[in-house]
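Participant: Mind looking over this structure? Questions follow.
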Amino acid sequence: MKSNNSIIIAFFAGTLGSFFGWGLALPAPFLMGPVLVSTLFAILRTSFSVPEQIKQISFILIGISVGSNVTPEALLSIFRWPFSILLMILSVITIIFLCKIILQNFFGMDKKSSLLASTPGHLSFVLMLGTETKADTTKIAIIQSIRVLALTLITPVIVVLYSGSELNDANLQREIMNSGSLVVLCLLSIISGLVFKKLKLPAPFLIGAMLISAFSHSTNLTPGYVPNLLEGIAFAILGTVIGARFVGVEMESLKSCLISGLTITLAGITICFLATSIIYKLTGLPFIHIFIAIAPGGLETMVAMGVFVNAEPTYVAFHHVIRLFFIALFIPIILKKLI
């Protein structure tokens, strides 16, 4: 019964958040609304969770939606990516060491905990390392969750302020994919997701769905987009998942980590802006697309953000996947030097 109540509350938070975001005309309303409302529910000590199967269904729909924007012409820009990837990796290294210094010197965290809390992404991997090295995993999890939450809320605002366009109106007039094609893409995405999960790739169902959809759309096998209703539901689920990160977090723990979490998030955004400016000047790629591709937010969230601005999906996703693989290789090496 408790589990059923938990799911019902999550459904209510996501639905209420969607109406809240839509009613207030927030940027990316069906993502930001549920993020705000579900986070408030969690802070008020309401217990809820999104079932794993529902979460993966939303990732599949978002992945298909992202892949729908792939065109043969867009893939030609791949030759401008290497420099962008290099700058992204340098920005990740800078973020890690700058934020580690901030947490260590100004907030009194130990070397191992400050390193893992400063790592921009790969939360499950970071917490596993924290457990193995006896770092403060509670603080690490809260600071990382604050980073993801803050970037989820800030990025749409940055997009609107920078581009001067409303995210709400994106893609309202578009060809809708027929139901048969959508079902086939979902089935193929599940299969590819299970394969990628076996290979221990990050966000396997999201990446699998995106690749399947990208191939089918670039070859014009499945023209059209995911229906707006299903896409909105998928974003609402993602928003509720982000808010659920704060379920069970004690208010005192949240207060103690809030300033440090926001400080390193601001530092990370500043570094990303500098890197984005350099990449923009040297490659000519759209500024806001670059920022979304290298911003240190959650993989699923930042790829979803790309949908709102019609960013080249393979560009955005590839950068975030590279970031996570780099972290998986880099952090254990640095951590070993601190032990």
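Each chain of the structure tokens is named A, B, ... in the order shown, its residues numbered from 1; ligands are numbered from 1 in display order.
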List as JSON, numbers by chain the protein and nucleic acid residues near Ile233 in chain A, meaning an atom at most 10 Å away when only C-alpha atoms are counted, but skip any in the same chain fewer than 3 places from it.
Facilitator: {"A": [14, 15, 18, 30, 31, 58, 61, 62, 228, 229, 230, 236, 237, 238, 239]}
Participant: Return the single residue from A:Phe326, A:Phe308, A:Phe205, A:Phe12 that is closest to Gln53 in chain A, with distances computed using only C-alpha atoms.
Facilitator: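 For Gln53 in chain A, the nearest of the given residues is A:Phe205.
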Participant: Please provide as an NGL selection string all residues within 8 Å of range 285-302 of chain A, with the sequence filter that same-chain residues fewer than 4 positions apart are discarded (counting only C-alpha atoms).
Facilitator: :A and (59 or 88 or 92 or 120-122 or 147-148 or 151-152 or 155 or 159 or 162-163 or 203 or 206 or 238 or 268-269 or 272-273 or 276-277 or 279-280 or 306 or 309 or 311-312 or 315-317 or 319-321)
Participant: Provide the CA of Val226 in chain A to CA of Thr39 in chain A distance in Å, to one decimal place.
Facilitator: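 Between these atoms lies a distance of 27.2 Å.
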Participant: Nearest to Ile102 in chain A: which of A:Ser192, A:Ser260, A:Ser49, A:Asn4 is it, counting only C-alpha atoms?
Facilitator: A:Ser260
Participant: For a quick check of understanding, using only C-alpha atoms, which of A:Ser189, A:Lys337, A:Gly67, A:Thr240 has the smallest distance to Ile9 in chain A?
Facilitator: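 Closest to Ile9 in chain A of all the choices is A:Thr240.
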Participant: Rounded to one decimal place, report the CA of Val307 in chain A-CA of Ile271 in chain A distance in Å.
Facilitator: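 About the pair CA of Val307 in chain A and CA of Ile271 in chain A: they are 23.4 Å apart.
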Participant: Tell me which protein, DNA and RNA residues are within 8 Å of Leu338 in chain A, counting only C-alpha atoms, leaving out same-chain ones fewer than 2 positions away, and put them as a PyMOL selection string.
Facilitator: chain A and resi 111-112+334-336
Participant: Store the residues of this selection in a file with all heavy atoms, as a PDB file, in the first residue's frame.
Facilitator:
```pdb
ATOM      1  N   LYS A 111      39.250  16.111   1.478  1.00  0.00           N
ATOM      2  CA  LYS A 111      39.739  16.036   0.100  1.00  0.00           C
ATOM      3  C   LYS A 111      38.902  15.102  -0.766  1.00  0.00           C
ATOM      4  O   LYS A 111      38.521  15.446  -1.884  1.00  0.00           O
ATOM      5  CB  LYS A 111      41.199  15.574   0.092  1.00  0.00           C
ATOM      6  CG  LYS A 111      42.175  16.591   0.641  1.00  0.00           C
ATOM      7  CD  LYS A 111      43.601  16.058   0.574  1.00  0.00           C
ATOM      8  CE  LYS A 111      44.589  17.084   1.122  1.00  0.00           C
ATOM      9  NZ  LYS A 111      45.978  16.561   1.061  1.00  0.00           N
ATOM     10  N   LYS A 112      38.623  13.898  -0.258  1.00  0.00           N
ATOM     11  CA  LYS A 112      37.887  12.907  -1.059  1.00  0.00           C
ATOM     12  C   LYS A 112      36.448  13.362  -1.313  1.00  0.00           C
ATOM     13  O   LYS A 112      35.962  13.307  -2.448  1.00  0.00           O
ATOM     14  CB  LYS A 112      37.902  11.545  -0.357  1.00  0.00           C
ATOM     15  CG  LYS A 112      39.263  10.880  -0.296  1.00  0.00           C
ATOM     16  CD  LYS A 112      39.210   9.565   0.446  1.00  0.00           C
ATOM     17  CE  LYS A 112      38.950   9.783   1.925  1.00  0.00           C
ATOM     18  NZ  LYS A 112      39.025   8.522   2.698  1.00  0.00           N
ATOM     19  N   ILE A 334      42.519  10.307  -9.920  1.00  0.00           N
ATOM     20  CA  ILE A 334      42.757  11.403  -8.991  1.00  0.00           C
ATOM     21  C   ILE A 334      42.460  10.949  -7.552  1.00  0.00           C
ATOM     22  O   ILE A 334      43.186  11.280  -6.622  1.00  0.00           O
ATOM     23  CB  ILE A 334      41.873  12.624  -9.343  1.00  0.00           C
ATOM     24  CG1 ILE A 334      42.160  13.098 -10.758  1.00  0.00           C
ATOM     25  CG2 ILE A 334      42.101  13.760  -8.344  1.00  0.00           C
ATOM     26  CD1 ILE A 334      43.605  13.493 -11.001  1.00  0.00           C
ATOM     27  N   LEU A 335      41.389  10.168  -7.401  1.00  0.00           N
ATOM     28  CA  LEU A 335      40.999   9.698  -6.070  1.00  0.00           C
ATOM     29  C   LEU A 335      42.080   8.817  -5.457  1.00  0.00           C
ATOM     30  O   LEU A 335      42.356   8.883  -4.247  1.00  0.00           O
ATOM     31  CB  LEU A 335      39.679   8.928  -6.169  1.00  0.00           C
ATOM     32  CG  LEU A 335      38.905   8.684  -4.861  1.00  0.00           C
ATOM     33  CD1 LEU A 335      38.580  10.000  -4.170  1.00  0.00           C
ATOM     34  CD2 LEU A 335      37.632   7.914  -5.153  1.00  0.00           C
ATOM     35  N   LYS A 336      42.715   8.016  -6.284  1.00  0.00           N
ATOM     36  CA  LYS A 336      43.764   7.119  -5.795  1.00  0.00           C
ATOM     37  C   LYS A 336      44.937   7.911  -5.234  1.00  0.00           C
ATOM     38  O   LYS A 336      45.592   7.507  -4.268  1.00  0.00           O
ATOM     39  CB  LYS A 336      44.241   6.222  -6.933  1.00  0.00           C
ATOM     40  CG  LYS A 336      45.214   5.122  -6.487  1.00  0.00           C
ATOM     41  CD  LYS A 336      45.540   4.176  -7.631  1.00  0.00           C
ATOM     42  CE  LYS A 336      44.361   3.284  -7.933  1.00  0.00           C
ATOM     43  NZ  LYS A 336      44.727   2.223  -8.930  1.00  0.00           N
TER      44      LYS A 336
END
```
